[in-house]
Structures are given as structure tokens and as C-alpha cells.
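Asks: Structure below; questions to follow.
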Amino acid sequence: MKWINKSLFRRLLVSYLITVLVGLGAVGFAISYFAKDHFYDVTQEELVRKAKNVNLAIQDLPLPNQEVQNLLAFFDQSFNTRIWLFDRTGKIVASSMEEEVFIGKSVAESMVSKVLEGKQVLSELEQFEGLDKPMLSVVVPWGKKDMIYGGIVLHSPVEGINKTFGFMRETTLWVTLLGVLITTAMVSYLSWSISLPLRKIERTAMEIGTGNYNQRVSINNPDEIGDLAQT
């Protein structure tokens, strides 16, 4: 650490860089950790609202038919989400995609039991085997209060969310690099404005020390260095 202590420029540069890096790093961490979780929560709440709208449209249609299929396809395009219907046994009986490979498969029993109790479920990818992309999923009861036919599942891909936060992290990195450049330039100027007068004072003091009392320091800075030069 001696090479830092011997140079005013280095001390200023290191202190400013640490401040910039720690500050921007903390902001980047907060964006990556807290904002992402919040955005996921907001997205799932929006999915729940959409799922309830789907239920309102099909709650009088207890059996999947072409009308139900057309409604699911319409909501799929409107909401940009994949929609499944499963019966009281958990078997998937309809999907918003006509050629859907998941029809006939079953969802988790724990999810079915909650839906039959009239509860909504915020679920994760691992509860839906076969999905090849990360999804945010919600499940709401399908039917009415006095009769539940099964559940409605809405899947929303998280690729767009991840890309958004990837862009934010990249932006934070570039802002950090810009902050480093600005800090280096600012420290260089501060160091020059401080060290140049001090060198003049040092040279004049050395001349006076050799007996040359005619030497004077021509520094008129309106700050502490100017006061030192006048003294």
C-alpha cells in the first residue's frame, strides 16, 4: 500500500473509484434482486386476473367443446399466454393450442386439491413436466362457487422478463465503466489543481532553505492552498 500513500493522485483515484464501484454495484444488485422479484410478482398477479377473465367466459361450459376451444384460442392470442384446462382428477382436457401434446397428461395432485378447495395457485416450472421453456404459471378454479369443474392454468414465458433484466444489468455495467472514466478524469484534474501549487511551494521552500530569501510563491488560490502559499 506504500505506492498509494506516496501519491496524492493515487489516493484520490482509489477512494473515488471505490465509491463509484460500490455505489453502482449496490444499485445493480438491488435491480437484479429486488426489482426482478417484484416484477415476477406483478406479472403473476396480472396472470391471475386474466385467468379469472377466462373462467368468466367458460364457467357455464363444464365440458370442453369447440366453443371452449375457440375461446381459449382467442384468449391465448389476446393475453399472449398458454392456457390449459384440467378436470377434477387433474387430467388436462383442453388447451389453447389445437395440436397440444399435453392433453391427457395430469398436473400435480397438490395443485388439484387446492383448486378444488377454491384456492388459486402460483406455481413454478417444475410442477409442469414437459415445458421446455421457463414459465410463470398460475392456476385458478374453473367453474362457479357451487360447482368446480377443475382448474385453469395460464403460462407466461419469462424470456422477455429475463432479457429485460439482462439489458438492465448490461446498462449498469456500461454506466459503471463510464463512471470510472469520469472519475479518473475528475481525479486527474483535482490532483493536478492540488499538486501543482504544492510543488511550487516545495521548490520555493527549498530555495529559501538554501538562503535565497528573495523567492516568493505566486499562488492566488482562494482556498487553503492559497492560504498556505501566502503564509
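The way I read the labels, and the way they are meant: chains A, B, ... in the order of the C-alpha cells, residue 1 as the first residue of every chain, and ligand 1 as the first ligand shown, with later ones counted on from there.
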So that I can check the surroundings of A:Ala229, please list as a list of chain:residue names every protein, DNA and RNA residue that reaches within 12 Å of it, counting only C-alpha atoms and ignoring chain neighbours fewer than 5 positions away.
Replies: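 Here the answer would be A:Leu196, A:Pro197, A:Leu198, A:Arg199, A:Lys200, A:Ile201, A:Glu202, A:Arg203, A:Thr204, A:Ala205, A:Gln215, A:Arg216, A:Val217, A:Ser218, A:Ile219, A:Asn220, A:Asn221, A:Pro222, A:Asp223, A:Glu224.
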Asks: Give me the residues near stretch 143-153 of chain A as a PyMOL selection string, where near means some atom within 7 Å (using only C-alpha atoms) and where sequence neighbours in that chain fewer than 2 positions away do not count.
Replies: chain A and resi 51+55+59+62+83-88+115-116+137-141+155
Asks: Report, in Å with one decimal, the straight-line distance from atom CA of A:Leu24 to atom CA of A:Ser195.
Replies: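 Computing it gives 29.0 Å between the two atoms.
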Asks: Name the residues of stretch 20-159 of chain A that fall into helix (DSSP H, G or I) according to DSSP on the backbone, using the chain letters and numbers of this document, as a PyMOL selection string.
Replies: chain A and resi 20-58+66-79+109-116+125-127+159
Asks: Determine, counting only C-alpha atoms, which protein, DNA and RNA residues have an atom within 9 Å of an atom of A:Glu109; residues of the same chain fewer than 4 positions away are not included. Present the result as an MDAnalysis selection string.
Replies: chainID A and resid 89:90 113:114
Asks: Residues near stretch 44-47 of chain A, anyone? I mean within 12 Å using only C-alpha atoms, not counting same-chain ones fewer than 3 positions away, as an NGL selection string.
Replies: :A and (37-41 or 50-54 or 75-76 or 79-83 or 120-124 or 135-140 or 152-158)
Asks: Name the residues in contact with A:Tyr16 at a cut-off of 12 Å, using only C-alpha atoms, excluding same-chain residues fewer than 4 positions from it; report them as a PyMOL selection string.
Replies: chain A and resi 9-12+20-23+179-188+190
Asks: Please compute the atom CA of A:Val93-atom CA of A:Leu61 distance, one decimal, in Å.
Replies: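 Atom-to-atom, atom CA of A:Val93 and atom CA of A:Leu61 are spaced 12.9 Å apart.
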